[in-house]
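Trainee: Input: one structure, supplied below.
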Protein chains: 2
Amino acid sequence: MAAWLGFLEATSRVSRHVEHQLKDDAGLSHAQYEILVKLATAPEGEVRMTDLAHGLFTSKSGLTYQVGQLEKRGLVERRSCPFDDRGVLAVLTTEGRDTLRAAAPGHVEAVRSALIDVLDREELDVVARALGRVGARLRPADHSAGPAPHAPAPGS
Amino acid sequence: MAAWLGFLEATSRVSRHVEHQLKDDAGLSHAQYEILVKLATAPEGEVRMTDLAHGLFTSKSGLTYQVGQLEKRGLVERRSCPFDDRGVLAVLTTEGRDTLRAAAPGHVEAVRSALIDVLDREELDVVARALGRVGARLRPADHSAGPAPHAPAPGS
DNA sequence: TACCGGTTGTTCAAATTCGAACCTCCTTGT
DNA sequence: ACAAGGAGGTTCGAATTTGAACAACCGGTA
């Protein structure tokens with residue numbers, strides 16, 4: 001079970017580290033940063049709330065809250081979706097793009113020094129593949145791949 | 001950066017999964033469960049708050065809160081430390097030990113099915129070693145098992 | 001058209017987390 | 001003995017998260 005303990009410690013320390021770095025550097029929480037990234041990599045800098053929530057690892061209400069915070073700071077704007085009256089688009093403002101551009105290098109550096117640089121190439125490979133599988137395995141009833149979400153493992 | 005994304009997704013999904021399983025199964029949060037485990041593995045079922053906070057990955061105030069919750073449910077008792085009047089011992093009650101005993105199998109199963117069983121032996125090995133190093137690297141000025149073969153030199 | 005199940009995003013209360021301020025007590029130096 | 005400095009825990013306010021409940025809206029169907 002050493003893997004589990006290691007996982008727990010690495011998880012909380014890295015997460016804490018990154019969160020701090022980001023907050024001190026750019027006044028953004030990690031959640032907010034991730035939202036900005038998703039918006040920035042989208043075609044027009046605009047993404048529907050649902051798609052955002054899908055790509056991130058937070059609840060719908062959590063997303064509403066964070067987008068609200070970003071909107072207060074003028075980094076994001078809400079616009080109603082032309083095709084779907086109940087839909088809401090989150091749109092990256094110019095200021096938001098600038099903020100992200102300013103924050104990105106520090107964040108990348110933090111991740112690199114905390115996680116990437118500590119591993120050698122092979123470990124990085126294995127960790128990426130292994131954790132990728134672990135994450136995918138727990139993805140909500142997604143019709144993509146993999147067996148039943150709940151594996152009762154009857155045989156035991 | 002695939003490793004980072006994988007890490008993020010695995011982290012949040014596994015954490016969520018375990019948290020849920022534990023809450024549904026035994027009405028405990030993961031933080032509370034970990035506290036009980038630390039207490040149960042201690043000599044007399046009693047540990048000082050500081051030592052608890054040291055072994056867990058939470059802040060002092062967070063620990064105070066969670067121990068308070070556990071105390072409300074009668075799973076833990078507070079006792080003053082005989083050697084140090086400002087110290088507080090968290091003591092596992094019989095009921096607490098029973099609760100833990102009842103919760104443990106489900107938790108272990110959840111961890112196993114979510115993380116362990118998804119990896120083969122070699123991956124498990126590498127992940128444990130790699131993440132162990134990652135976690136240790138971010139440990140606050142810890143003078144224990146010298147994980148500082150490389151000069152930290154975070155400057156620059 | 002009216003209905004009905006399913007989707008979208010928000011609002012709500014409750015729980016949890018964090019850091020800073022704070023008080024009590026120990027330890028050391030004089 | 002006494003003051004200074006530090007350690008141990010708690011308290012406080014603010015921020016964040018979550019799931020459930022909710023209102024509006026889409027799509028298809030009779």
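Ligands are numbered from 1 in the order shown, chains are lettered A, B, ... in the order of the structure tokens, and residues start at 1 in each chain.
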Taking only stretch 45-113 of chain A into account, list the residues labelled helix (DSSP H, G or I) by DSSP (computed from the backbone), as an NGL selection string.

Mentor: :A and (49-55 or 60-72 or 94-113)

Trainee: What are the coordinates of chain A as a tab-separated table (two decimals) with N, CA and C atoms, in the first residue's frame following a least-squares fit to chain B on all in-order C-alpha atoms?

Mentor:
```tsv
chain	number	residue	atom	x	y	z
A	1	MET	N	4.45	16.88	-20.87
A	1	MET	CA	3.65	17.28	-19.70
A	1	MET	C	2.43	16.38	-19.51
A	2	ALA	N	2.40	15.32	-20.27
A	2	ALA	CA	1.28	14.39	-20.14
A	2	ALA	C	1.24	13.82	-18.72
A	3	ALA	N	2.42	13.67	-18.13
A	3	ALA	CA	2.48	13.12	-16.78
A	3	ALA	C	1.77	14.04	-15.80
A	4	TRP	N	1.93	15.33	-15.99
A	4	TRP	CA	1.31	16.29	-15.09
A	4	TRP	C	-0.21	16.24	-15.22
A	5	LEU	N	-0.68	16.22	-16.45
A	5	LEU	CA	-2.13	16.16	-16.65
A	5	LEU	C	-2.70	14.86	-16.09
A	6	GLY	N	-2.00	13.78	-16.35
A	6	GLY	CA	-2.45	12.51	-15.81
A	6	GLY	C	-2.48	12.53	-14.31
A	7	PHE	N	-1.44	13.12	-13.76
A	7	PHE	CA	-1.36	13.22	-12.31
A	7	PHE	C	-2.55	14.01	-11.77
A	8	LEU	N	-2.83	15.12	-12.41
A	8	LEU	CA	-3.94	15.96	-11.96
A	8	LEU	C	-5.27	15.23	-12.03
A	9	GLU	N	-5.51	14.60	-13.16
A	9	GLU	CA	-6.80	13.93	-13.29
A	9	GLU	C	-6.92	12.76	-12.34
A	10	ALA	N	-5.89	11.95	-12.28
A	10	ALA	CA	-5.93	10.79	-11.38
A	10	ALA	C	-6.13	11.25	-9.95
A	11	THR	N	-5.38	12.25	-9.58
A	11	THR	CA	-5.48	12.82	-8.23
A	11	THR	C	-6.90	13.20	-7.87
A	12	SER	N	-7.51	14.03	-8.70
A	12	SER	CA	-8.81	14.54	-8.31
A	12	SER	C	-9.89	13.46	-8.40
A	13	ARG	N	-9.79	12.61	-9.41
A	13	ARG	CA	-10.83	11.60	-9.53
A	13	ARG	C	-10.74	10.56	-8.43
A	14	VAL	N	-9.55	10.10	-8.17
A	14	VAL	CA	-9.39	9.08	-7.14
A	14	VAL	C	-9.79	9.65	-5.79
A	15	SER	N	-9.31	10.86	-5.54
A	15	SER	CA	-9.62	11.48	-4.27
A	15	SER	C	-11.13	11.62	-4.09
A	16	ARG	N	-11.77	12.08	-5.14
A	16	ARG	CA	-13.21	12.24	-5.09
A	16	ARG	C	-13.90	10.90	-4.87
A	17	HIS	N	-13.45	9.92	-5.60
A	17	HIS	CA	-14.04	8.59	-5.52
A	17	HIS	C	-13.97	8.04	-4.11
A	18	VAL	N	-12.78	8.10	-3.55
A	18	VAL	CA	-12.57	7.56	-2.21
A	18	VAL	C	-13.40	8.32	-1.18
A	19	GLU	N	-13.37	9.62	-1.31
A	19	GLU	CA	-14.12	10.46	-0.38
A	19	GLU	C	-15.59	10.06	-0.36
A	20	HIS	N	-16.12	9.88	-1.55
A	20	HIS	CA	-17.52	9.54	-1.68
A	20	HIS	C	-17.83	8.17	-1.08
A	21	GLN	N	-17.05	7.22	-1.48
A	21	GLN	CA	-17.25	5.86	-0.99
A	21	GLN	C	-17.27	5.84	0.53
A	22	LEU	N	-16.35	6.57	1.10
A	22	LEU	CA	-16.19	6.58	2.54
A	22	LEU	C	-17.36	7.28	3.23
A	23	LYS	N	-17.77	8.36	2.63
A	23	LYS	CA	-18.87	9.13	3.22
A	23	LYS	C	-20.17	8.35	3.15
A	24	ASP	N	-20.41	7.71	2.01
A	24	ASP	CA	-21.64	6.94	1.84
A	24	ASP	C	-21.63	5.70	2.72
A	25	ASP	N	-20.47	5.11	2.84
A	25	ASP	CA	-20.36	3.83	3.53
A	25	ASP	C	-20.37	3.99	5.05
A	26	ALA	N	-19.67	4.99	5.53
A	26	ALA	CA	-19.50	5.08	6.98
A	26	ALA	C	-19.71	6.49	7.53
A	27	GLY	N	-20.10	7.41	6.68
A	27	GLY	CA	-20.33	8.77	7.16
A	27	GLY	C	-19.06	9.47	7.61
A	28	LEU	N	-17.93	9.01	7.10
A	28	LEU	CA	-16.66	9.63	7.49
A	28	LEU	C	-16.03	10.34	6.29
A	29	SER	N	-15.37	11.44	6.55
A	29	SER	CA	-14.57	12.04	5.49
A	29	SER	C	-13.24	11.29	5.47
A	30	HIS	N	-12.51	11.47	4.39
A	30	HIS	CA	-11.24	10.77	4.29
A	30	HIS	C	-10.30	11.22	5.42
A	31	ALA	N	-10.32	12.53	5.67
A	31	ALA	CA	-9.48	13.06	6.73
A	31	ALA	C	-9.79	12.37	8.06
A	32	GLN	N	-11.08	12.25	8.34
A	32	GLN	CA	-11.46	11.61	9.60
A	32	GLN	C	-11.02	10.16	9.64
A	33	TYR	N	-11.20	9.50	8.51
A	33	TYR	CA	-10.79	8.10	8.45
A	33	TYR	C	-9.31	7.95	8.75
A	34	GLU	N	-8.52	8.82	8.16
A	34	GLU	CA	-7.08	8.75	8.38
A	34	GLU	C	-6.71	8.99	9.84
A	35	ILE	N	-7.43	9.89	10.46
A	35	ILE	CA	-7.20	10.14	11.87
A	35	ILE	C	-7.47	8.88	12.67
A	36	LEU	N	-8.59	8.25	12.41
A	36	LEU	CA	-8.94	7.02	13.14
A	36	LEU	C	-7.88	5.95	12.91
A	37	VAL	N	-7.38	5.85	11.69
A	37	VAL	CA	-6.36	4.85	11.41
A	37	VAL	C	-5.11	5.10	12.24
A	38	LYS	N	-4.68	6.34	12.25
A	38	LYS	CA	-3.47	6.67	13.01
A	38	LYS	C	-3.67	6.32	14.49
A	39	LEU	N	-4.85	6.63	15.00
A	39	LEU	CA	-5.11	6.34	16.40
A	39	LEU	C	-5.14	4.84	16.65
A	40	ALA	N	-5.76	4.12	15.74
A	40	ALA	CA	-5.91	2.68	15.93
A	40	ALA	C	-4.57	1.96	15.90
A	41	THR	N	-3.65	2.48	15.12
A	41	THR	CA	-2.35	1.81	15.02
A	41	THR	C	-1.38	2.27	16.10
A	42	ALA	N	-1.83	3.21	16.94
A	42	ALA	CA	-0.97	3.68	18.01
A	42	ALA	C	-1.10	2.76	19.22
A	43	PRO	N	-0.04	2.68	20.01
A	43	PRO	CA	0.03	1.80	21.18
A	43	PRO	C	-1.26	1.72	21.98
A	44	GLU	N	-1.69	2.84	22.55
A	44	GLU	CA	-2.85	2.83	23.43
A	44	GLU	C	-4.09	3.43	22.77
A	45	GLY	N	-4.00	3.60	21.48
A	45	GLY	CA	-5.10	4.25	20.79
A	45	GLY	C	-5.14	5.73	21.09
A	46	GLU	N	-4.02	6.24	21.54
A	46	GLU	CA	-3.95	7.67	21.84
A	46	GLU	C	-2.70	8.29	21.25
A	47	VAL	N	-2.88	9.47	20.66
A	47	VAL	CA	-1.78	10.15	19.99
A	47	VAL	C	-1.92	11.64	20.27
A	48	ARG	N	-0.79	12.30	20.37
A	48	ARG	CA	-0.84	13.74	20.60
A	48	ARG	C	-1.20	14.47	19.31
A	49	MET	N	-1.88	15.55	19.46
A	49	MET	CA	-2.32	16.32	18.31
A	49	MET	C	-1.16	16.61	17.36
A	50	THR	N	-0.08	17.06	17.89
A	50	THR	CA	1.07	17.39	17.06
A	50	THR	C	1.53	16.20	16.24
A	51	ASP	N	1.61	15.05	16.89
A	51	ASP	CA	2.05	13.86	16.17
A	51	ASP	C	1.06	13.49	15.08
A	52	LEU	N	-0.20	13.69	15.37
A	52	LEU	CA	-1.23	13.43	14.38
A	52	LEU	C	-1.04	14.34	13.17
A	53	ALA	N	-0.93	15.61	13.45
A	53	ALA	CA	-0.78	16.58	12.37
A	53	ALA	C	0.49	16.27	11.56
A	54	HIS	N	1.48	15.75	12.24
A	54	HIS	CA	2.72	15.43	11.57
A	54	HIS	C	2.53	14.27	10.59
A	55	GLY	N	1.77	13.29	11.02
A	55	GLY	CA	1.57	12.11	10.19
A	55	GLY	C	0.56	12.33	9.08
A	56	LEU	N	-0.35	13.26	9.29
A	56	LEU	CA	-1.36	13.53	8.28
A	56	LEU	C	-0.93	14.69	7.41
A	57	PHE	N	-1.74	15.00	6.42
A	57	PHE	CA	-1.36	16.06	5.51
A	57	PHE	C	-2.35	17.20	5.60
A	58	THR	N	-2.50	17.71	6.81
A	58	THR	CA	-3.44	18.79	7.02
A	58	THR	C	-2.81	19.79	7.97
A	59	SER	N	-3.40	20.95	8.03
A	59	SER	CA	-2.87	21.98	8.92
A	59	SER	C	-3.29	21.70	10.35
A	60	LYS	N	-2.69	22.42	11.27
A	60	LYS	CA	-3.04	22.23	12.68
A	60	LYS	C	-4.50	22.56	12.93
A	61	SER	N	-4.93	23.67	12.38
A	61	SER	CA	-6.31	24.07	12.64
A	61	SER	C	-7.30	23.09	12.00
A	62	GLY	N	-6.92	22.56	10.85
A	62	GLY	CA	-7.77	21.58	10.22
A	62	GLY	C	-7.91	20.35	11.09
A	63	LEU	N	-6.83	19.96	11.71
A	63	LEU	CA	-6.87	18.81	12.60
A	63	LEU	C	-7.77	19.08	13.79
A	64	THR	N	-7.60	20.26	14.38
A	64	THR	CA	-8.45	20.63	15.51
A	64	THR	C	-9.92	20.48	15.14
A	65	TYR	N	-10.25	20.97	13.96
A	65	TYR	CA	-11.63	20.91	13.52
A	65	TYR	C	-12.12	19.47	13.38
A	66	GLN	N	-11.34	18.66	12.69
A	66	GLN	CA	-11.77	17.29	12.43
A	66	GLN	C	-11.86	16.47	13.71
A	67	VAL	N	-10.91	16.66	14.59
A	67	VAL	CA	-10.98	15.94	15.86
A	67	VAL	C	-12.22	16.40	16.61
A	68	GLY	N	-12.53	17.67	16.50
A	68	GLY	CA	-13.76	18.17	17.11
A	68	GLY	C	-14.98	17.46	16.58
A	69	GLN	N	-15.02	17.27	15.27
A	69	GLN	CA	-16.15	16.57	14.66
A	69	GLN	C	-16.22	15.13	15.15
A	70	LEU	N	-15.08	14.48	15.19
A	70	LEU	CA	-15.04	13.09	15.64
A	70	LEU	C	-15.47	12.98	17.10
A	71	GLU	N	-15.11	14.00	17.86
A	71	GLU	CA	-15.46	13.99	19.28
A	71	GLU	C	-16.98	14.12	19.43
A	72	LYS	N	-17.56	14.98	18.62
A	72	LYS	CA	-19.02	15.15	18.65
A	72	LYS	C	-19.73	13.84	18.42
A	73	ARG	N	-19.17	13.03	17.54
A	73	ARG	CA	-19.81	11.75	17.22
A	73	ARG	C	-19.42	10.65	18.19
A	74	GLY	N	-18.57	11.01	19.15
A	74	GLY	CA	-18.20	10.03	20.16
A	74	GLY	C	-17.19	9.00	19.69
A	75	LEU	N	-16.51	9.26	18.61
A	75	LEU	CA	-15.54	8.30	18.10
A	75	LEU	C	-14.15	8.54	18.68
A	76	VAL	N	-13.97	9.73	19.23
A	76	VAL	CA	-12.67	10.11	19.76
A	76	VAL	C	-12.91	10.94	21.02
A	77	GLU	N	-11.97	10.83	21.94
A	77	GLU	CA	-12.05	11.67	23.13
A	77	GLU	C	-10.78	12.48	23.27
A	78	ARG	N	-10.94	13.65	23.86
A	78	ARG	CA	-9.76	14.46	24.14
A	78	ARG	C	-9.36	14.24	25.60
A	79	ARG	N	-8.07	14.11	25.81
A	79	ARG	CA	-7.58	13.95	27.18
A	79	ARG	C	-6.32	14.79	27.27
A	80	SER	N	-6.09	15.38	28.42
A	80	SER	CA	-4.88	16.18	28.51
A	80	SER	C	-3.67	15.29	28.78
A	81	CYS	N	-2.57	15.70	28.24
A	81	CYS	CA	-1.36	14.90	28.33
A	81	CYS	C	-0.74	15.03	29.71
A	82	PRO	N	-0.47	13.91	30.37
A	82	PRO	CA	0.05	13.92	31.74
A	82	PRO	C	1.44	14.55	31.84
A	83	PHE	N	2.21	14.46	30.79
A	83	PHE	CA	3.58	14.95	30.84
A	83	PHE	C	3.71	16.42	30.46
A	84	ASP	N	2.71	16.88	29.71
A	84	ASP	CA	2.83	18.22	29.16
A	84	ASP	C	1.46	18.89	29.20
A	85	ASP	N	1.34	19.88	30.08
A	85	ASP	CA	0.03	20.48	30.32
A	85	ASP	C	-0.59	21.12	29.09
A	86	ARG	N	0.24	21.53	28.15
A	86	ARG	CA	-0.35	22.16	26.98
A	86	ARG	C	-0.71	21.13	25.93
A	87	GLY	N	-0.23	19.91	26.11
A	87	GLY	CA	-0.49	18.86	25.13
A	87	GLY	C	-1.90	18.30	25.26
A	88	VAL	N	-2.42	17.78	24.16
A	88	VAL	CA	-3.74	17.15	24.15
A	88	VAL	C	-3.62	15.81	23.46
A	89	LEU	N	-4.18	14.78	24.12
A	89	LEU	CA	-4.17	13.47	23.50
A	89	LEU	C	-5.51	13.21	22.85
A	90	ALA	N	-5.50	12.71	21.66
A	90	ALA	CA	-6.72	12.23	21.03
A	90	ALA	C	-6.78	10.74	21.29
A	91	VAL	N	-7.88	10.30	21.91
A	91	VAL	CA	-8.00	8.90	22.28
A	91	VAL	C	-9.15	8.25	21.53
A	92	LEU	N	-8.88	7.10	20.96
A	92	LEU	CA	-9.90	6.38	20.23
A	92	LEU	C	-10.86	5.70	21.21
A	93	THR	N	-12.15	5.94	21.06
A	93	THR	CA	-13.12	5.27	21.93
A	93	THR	C	-13.45	3.90	21.34
A	94	THR	N	-14.13	3.11	22.13
A	94	THR	CA	-14.53	1.79	21.64
A	94	THR	C	-15.41	1.94	20.40
A	95	GLU	N	-16.31	2.88	20.50
A	95	GLU	CA	-17.20	3.13	19.36
A	95	GLU	C	-16.40	3.56	18.13
A	96	GLY	N	-15.38	4.35	18.38
A	96	GLY	CA	-14.53	4.78	17.28
A	96	GLY	C	-13.84	3.60	16.63
A	97	ARG	N	-13.36	2.69	17.45
A	97	ARG	CA	-12.67	1.52	16.92
A	97	ARG	C	-13.63	0.66	16.10
A	98	ASP	N	-14.84	0.54	16.62
A	98	ASP	CA	-15.84	-0.24	15.89
A	98	ASP	C	-16.16	0.39	14.54
A	99	THR	N	-16.34	1.69	14.59
A	99	THR	CA	-16.66	2.40	13.35
A	99	THR	C	-15.57	2.20	12.31
A	100	LEU	N	-14.34	2.32	12.77
A	100	LEU	CA	-13.22	2.14	11.86
A	100	LEU	C	-13.21	0.72	11.30
A	101	ARG	N	-13.42	-0.24	12.19
A	101	ARG	CA	-13.41	-1.64	11.75
A	101	ARG	C	-14.49	-1.87	10.69
A	102	ALA	N	-15.60	-1.21	10.88
A	102	ALA	CA	-16.70	-1.37	9.92
A	102	ALA	C	-16.39	-0.67	8.59
A	103	ALA	N	-15.66	0.41	8.68
A	103	ALA	CA	-15.42	1.20	7.47
A	103	ALA	C	-14.24	0.70	6.65
A	104	ALA	N	-13.30	0.07	7.32
A	104	ALA	CA	-12.04	-0.29	6.66
A	104	ALA	C	-12.19	-1.14	5.40
A	105	PRO	N	-12.95	-2.22	5.44
A	105	PRO	CA	-13.02	-3.08	4.25
A	105	PRO	C	-13.50	-2.33	3.02
A	106	GLY	N	-14.53	-1.53	3.18
A	106	GLY	CA	-15.04	-0.77	2.04
A	106	GLY	C	-14.01	0.18	1.49
A	107	HIS	N	-13.29	0.82	2.40
A	107	HIS	CA	-12.27	1.77	1.97
A	107	HIS	C	-11.16	1.06	1.20
A	108	VAL	N	-10.68	-0.01	1.77
A	108	VAL	CA	-9.61	-0.75	1.12
A	108	VAL	C	-10.05	-1.23	-0.26
A	109	GLU	N	-11.27	-1.69	-0.32
A	109	GLU	CA	-11.81	-2.14	-1.60
A	109	GLU	C	-11.84	-1.00	-2.62
A	110	ALA	N	-12.27	0.14	-2.15
A	110	ALA	CA	-12.37	1.30	-3.03
A	110	ALA	C	-11.00	1.68	-3.58
A	111	VAL	N	-10.03	1.72	-2.69
A	111	VAL	CA	-8.67	2.07	-3.11
A	111	VAL	C	-8.14	1.03	-4.09
A	112	ARG	N	-8.38	-0.20	-3.76
A	112	ARG	CA	-7.89	-1.26	-4.61
A	112	ARG	C	-8.49	-1.17	-6.01
A	113	SER	N	-9.79	-1.04	-6.06
A	113	SER	CA	-10.43	-1.06	-7.38
A	113	SER	C	-10.14	0.20	-8.18
A	114	ALA	N	-9.88	1.30	-7.48
A	114	ALA	CA	-9.66	2.55	-8.19
A	114	ALA	C	-8.21	2.72	-8.62
A	115	LEU	N	-7.30	2.22	-7.82
A	115	LEU	CA	-5.89	2.47	-8.08
A	115	LEU	C	-5.08	1.20	-8.31
A	116	ILE	N	-5.09	0.35	-7.34
A	116	ILE	CA	-4.21	-0.83	-7.36
A	116	ILE	C	-4.51	-1.77	-8.52
A	117	ASP	N	-5.76	-2.13	-8.65
A	117	ASP	CA	-6.11	-3.14	-9.65
A	117	ASP	C	-5.95	-2.64	-11.09
A	118	VAL	N	-5.80	-1.33	-11.24
A	118	VAL	CA	-5.69	-0.79	-12.58
A	118	VAL	C	-4.24	-0.90	-13.08
A	119	LEU	N	-3.33	-1.15	-12.15
A	119	LEU	CA	-1.92	-1.21	-12.52
A	119	LEU	C	-1.39	-2.64	-12.42
A	120	ASP	N	-0.42	-2.94	-13.22
A	120	ASP	CA	0.21	-4.25	-13.07
A	120	ASP	C	1.34	-4.13	-12.05
A	121	ARG	N	1.88	-5.23	-11.69
A	121	ARG	CA	2.87	-5.25	-10.60
A	121	ARG	C	4.02	-4.27	-10.82
A	122	GLU	N	4.53	-4.24	-12.02
A	122	GLU	CA	5.68	-3.38	-12.28
A	122	GLU	C	5.32	-1.91	-12.16
A	123	GLU	N	4.17	-1.56	-12.74
A	123	GLU	CA	3.74	-0.17	-12.66
A	123	GLU	C	3.53	0.24	-11.21
A	124	LEU	N	2.93	-0.65	-10.46
A	124	LEU	CA	2.67	-0.37	-9.06
A	124	LEU	C	3.97	-0.09	-8.33
A	125	ASP	N	4.96	-0.89	-8.63
A	125	ASP	CA	6.28	-0.72	-8.04
A	125	ASP	C	6.87	0.64	-8.36
A	126	VAL	N	6.88	0.94	-9.63
A	126	VAL	CA	7.46	2.20	-10.08
A	126	VAL	C	6.71	3.39	-9.51
A	127	VAL	N	5.38	3.32	-9.56
A	127	VAL	CA	4.58	4.42	-9.05
A	127	VAL	C	4.83	4.63	-7.57
A	128	ALA	N	4.88	3.56	-6.83
A	128	ALA	CA	5.10	3.68	-5.40
A	128	ALA	C	6.45	4.32	-5.12
A	129	ARG	N	7.48	3.85	-5.80
A	129	ARG	CA	8.81	4.38	-5.57
A	129	ARG	C	8.91	5.83	-6.01
A	130	ALA	N	8.39	6.08	-7.21
A	130	ALA	CA	8.50	7.43	-7.78
A	130	ALA	C	7.71	8.45	-6.95
A	131	LEU	N	6.47	8.14	-6.67
A	131	LEU	CA	5.66	9.10	-5.91
A	131	LEU	C	6.17	9.23	-4.48
A	132	GLY	N	6.69	8.15	-3.95
A	132	GLY	CA	7.27	8.23	-2.62
A	132	GLY	C	8.39	9.26	-2.60
A	133	ARG	N	9.20	9.24	-3.64
A	133	ARG	CA	10.30	10.19	-3.71
A	133	ARG	C	9.77	11.61	-3.88
A	134	VAL	N	8.77	11.73	-4.71
A	134	VAL	CA	8.18	13.06	-4.95
A	134	VAL	C	7.64	13.65	-3.65
A	135	GLY	N	6.91	12.84	-2.91
A	135	GLY	CA	6.34	13.32	-1.65
A	135	GLY	C	7.43	13.68	-0.66
A	136	ALA	N	8.43	12.81	-0.55
A	136	ALA	CA	9.50	13.04	0.41
A	136	ALA	C	10.27	14.31	0.08
A	137	ARG	N	10.39	14.57	-1.20
A	137	ARG	CA	11.16	15.72	-1.66
A	137	ARG	C	10.54	17.03	-1.19
A	138	LEU	N	9.24	17.02	-1.02
A	138	LEU	CA	8.55	18.26	-0.65
A	138	LEU	C	8.26	18.34	0.84
A	139	ARG	N	8.75	17.38	1.56
A	139	ARG	CA	8.50	17.38	3.00
A	139	ARG	C	9.15	18.60	3.63
A	140	PRO	N	8.46	19.27	4.53
A	140	PRO	CA	9.00	20.48	5.16
A	140	PRO	C	10.36	20.21	5.79
A	141	ALA	N	11.23	21.19	5.65
A	141	ALA	CA	12.60	21.13	6.17
A	141	ALA	C	12.80	20.04	7.20
A	142	ASP	N	12.76	18.86	6.73
A	142	ASP	CA	12.91	17.70	7.60
A	142	ASP	C	14.37	17.28	7.54
A	143	HIS	N	14.96	17.11	8.71
A	143	HIS	CA	16.38	16.78	8.76
A	143	HIS	C	16.65	15.33	8.39
A	144	SER	N	15.71	14.71	7.72
A	144	SER	CA	15.86	13.30	7.40
A	144	SER	C	16.84	13.08	6.25
A	145	ALA	N	16.42	13.34	5.07
A	145	ALA	CA	17.30	13.09	3.94
A	145	ALA	C	17.09	14.13	2.86
A	146	GLY	N	17.81	13.96	1.81
A	146	GLY	CA	17.61	14.81	0.65
A	146	GLY	C	18.26	16.16	0.75
A	147	PRO	N	18.52	16.74	-0.42
A	147	PRO	CA	19.16	18.04	-0.54
A	147	PRO	C	18.21	19.17	-0.13
A	148	ALA	N	18.64	20.36	-0.41
A	148	ALA	CA	17.84	21.53	-0.02
A	148	ALA	C	16.41	21.41	-0.51
A	149	PRO	N	15.47	21.83	0.33
A	149	PRO	CA	14.06	21.78	-0.04
A	149	PRO	C	13.79	22.58	-1.30
A	150	HIS	N	14.37	23.76	-1.36
A	150	HIS	CA	14.22	24.58	-2.55
A	150	HIS	C	15.45	24.44	-3.41
A	151	ALA	N	15.31	23.79	-4.52
A	151	ALA	CA	16.42	23.66	-5.44
A	151	ALA	C	16.30	24.73	-6.51
A	152	PRO	N	17.02	25.81	-6.35
A	152	PRO	CA	16.95	26.93	-7.29
A	152	PRO	C	17.35	26.51	-8.70
A	153	ALA	N	17.98	25.40	-8.81
A	153	ALA	CA	18.42	24.93	-10.12
A	153	ALA	C	19.03	26.06	-10.93
A	154	PRO	N	20.11	26.61	-10.43
A	154	PRO	CA	20.73	27.79	-11.03
A	154	PRO	C	21.27	27.51	-12.42
A	155	GLY	N	21.88	26.37	-12.56
A	155	GLY	CA	22.48	26.04	-13.83
A	155	GLY	C	21.49	26.16	-14.98
A	156	SER	N	20.37	25.50	-14.82
A	156	SER	CA	19.34	25.46	-15.85
A	156	SER	C	19.91	25.09	-17.20
```

Trainee: Using the chain letters and numbers from this document, which residues of chain B does DSSP assign to strand (DSSP E), as a PyMOL selection string?

Mentor: chain B and resi 46-48+76-80+88-92

Trainee: Write out as a VMD selection string which residues come within 10 Å of C:DC12 when counting only C-alpha atoms (C1' of nucleotides), dropping same-chain ones fewer than 6 positions away.

Mentor: chain D and resid 20 to 22

Trainee: Write the residues of the selection above to a file with all heavy atoms, as a short mmCIF file (atom, residue, chain, number, x, y, z; two decimals), in the first residue's frame.

Mentor:
```
data_model
loop_
_atom_site.label_atom_id
_atom_site.label_comp_id
_atom_site.auth_asym_id
_atom_site.auth_seq_id
_atom_site.Cartn_x
_atom_site.Cartn_y
_atom_site.Cartn_z
P DA D 20 -27.53 14.50 -4.18
OP1 DA D 20 -27.70 13.17 -3.54
OP2 DA D 20 -27.31 14.59 -5.64
"O5'" DA D 20 -28.77 15.41 -3.80
"C5'" DA D 20 -28.85 15.98 -2.49
"C4'" DA D 20 -29.88 17.09 -2.47
"O4'" DA D 20 -29.27 18.32 -2.94
"C3'" DA D 20 -31.09 16.84 -3.36
"O3'" DA D 20 -32.27 17.26 -2.69
"C2'" DA D 20 -30.80 17.66 -4.59
"C1'" DA D 20 -30.04 18.85 -4.00
N9 DA D 20 -29.12 19.50 -4.93
C8 DA D 20 -28.25 18.89 -5.78
N7 DA D 20 -27.53 19.73 -6.50
C5 DA D 20 -27.97 20.98 -6.07
C6 DA D 20 -27.61 22.29 -6.44
N6 DA D 20 -26.67 22.56 -7.36
N1 DA D 20 -28.24 23.31 -5.83
C2 DA D 20 -29.16 23.03 -4.91
N3 DA D 20 -29.59 21.85 -4.48
C4 DA D 20 -28.95 20.85 -5.11
P DA D 21 -33.68 17.01 -3.31
OP1 DA D 21 -34.53 16.49 -2.22
OP2 DA D 21 -33.54 16.27 -4.58
"O5'" DA D 21 -34.17 18.49 -3.66
"C5'" DA D 21 -34.04 19.52 -2.67
"C4'" DA D 21 -34.36 20.87 -3.30
"O4'" DA D 21 -33.25 21.28 -4.13
"C3'" DA D 21 -35.60 20.86 -4.20
"O3'" DA D 21 -36.38 22.02 -3.93
"C2'" DA D 21 -35.01 20.87 -5.61
"C1'" DA D 21 -33.73 21.66 -5.41
N9 DA D 21 -32.67 21.39 -6.38
C8 DA D 21 -32.21 20.17 -6.79
N7 DA D 21 -31.22 20.24 -7.66
C5 DA D 21 -31.03 21.60 -7.83
C6 DA D 21 -30.14 22.34 -8.63
N6 DA D 21 -29.23 21.79 -9.42
N1 DA D 21 -30.20 23.68 -8.56
C2 DA D 21 -31.12 24.25 -7.75
N3 DA D 21 -32.01 23.65 -6.96
C4 DA D 21 -31.91 22.32 -7.04
P DC D 22 -37.77 22.27 -4.70
OP1 DC D 22 -38.65 23.01 -3.78
OP2 DC D 22 -38.18 20.98 -5.29
"O5'" DC D 22 -37.35 23.25 -5.88
"C5'" DC D 22 -36.68 24.46 -5.56
"C4'" DC D 22 -36.35 25.22 -6.83
"O4'" DC D 22 -35.18 24.63 -7.44
"C3'" DC D 22 -37.45 25.22 -7.90
"O3'" DC D 22 -37.91 26.55 -8.09
"C2'" DC D 22 -36.76 24.67 -9.16
"C1'" DC D 22 -35.28 24.83 -8.83
N1 DC D 22 -34.42 23.81 -9.49
C2 DC D 22 -33.41 24.23 -10.36
O2 DC D 22 -33.26 25.43 -10.56
N3 DC D 22 -32.62 23.30 -10.95
C4 DC D 22 -32.80 22.01 -10.70
N4 DC D 22 -32.00 21.14 -11.30
C5 DC D 22 -33.83 21.56 -9.83
C6 DC D 22 -34.61 22.48 -9.25
#
```
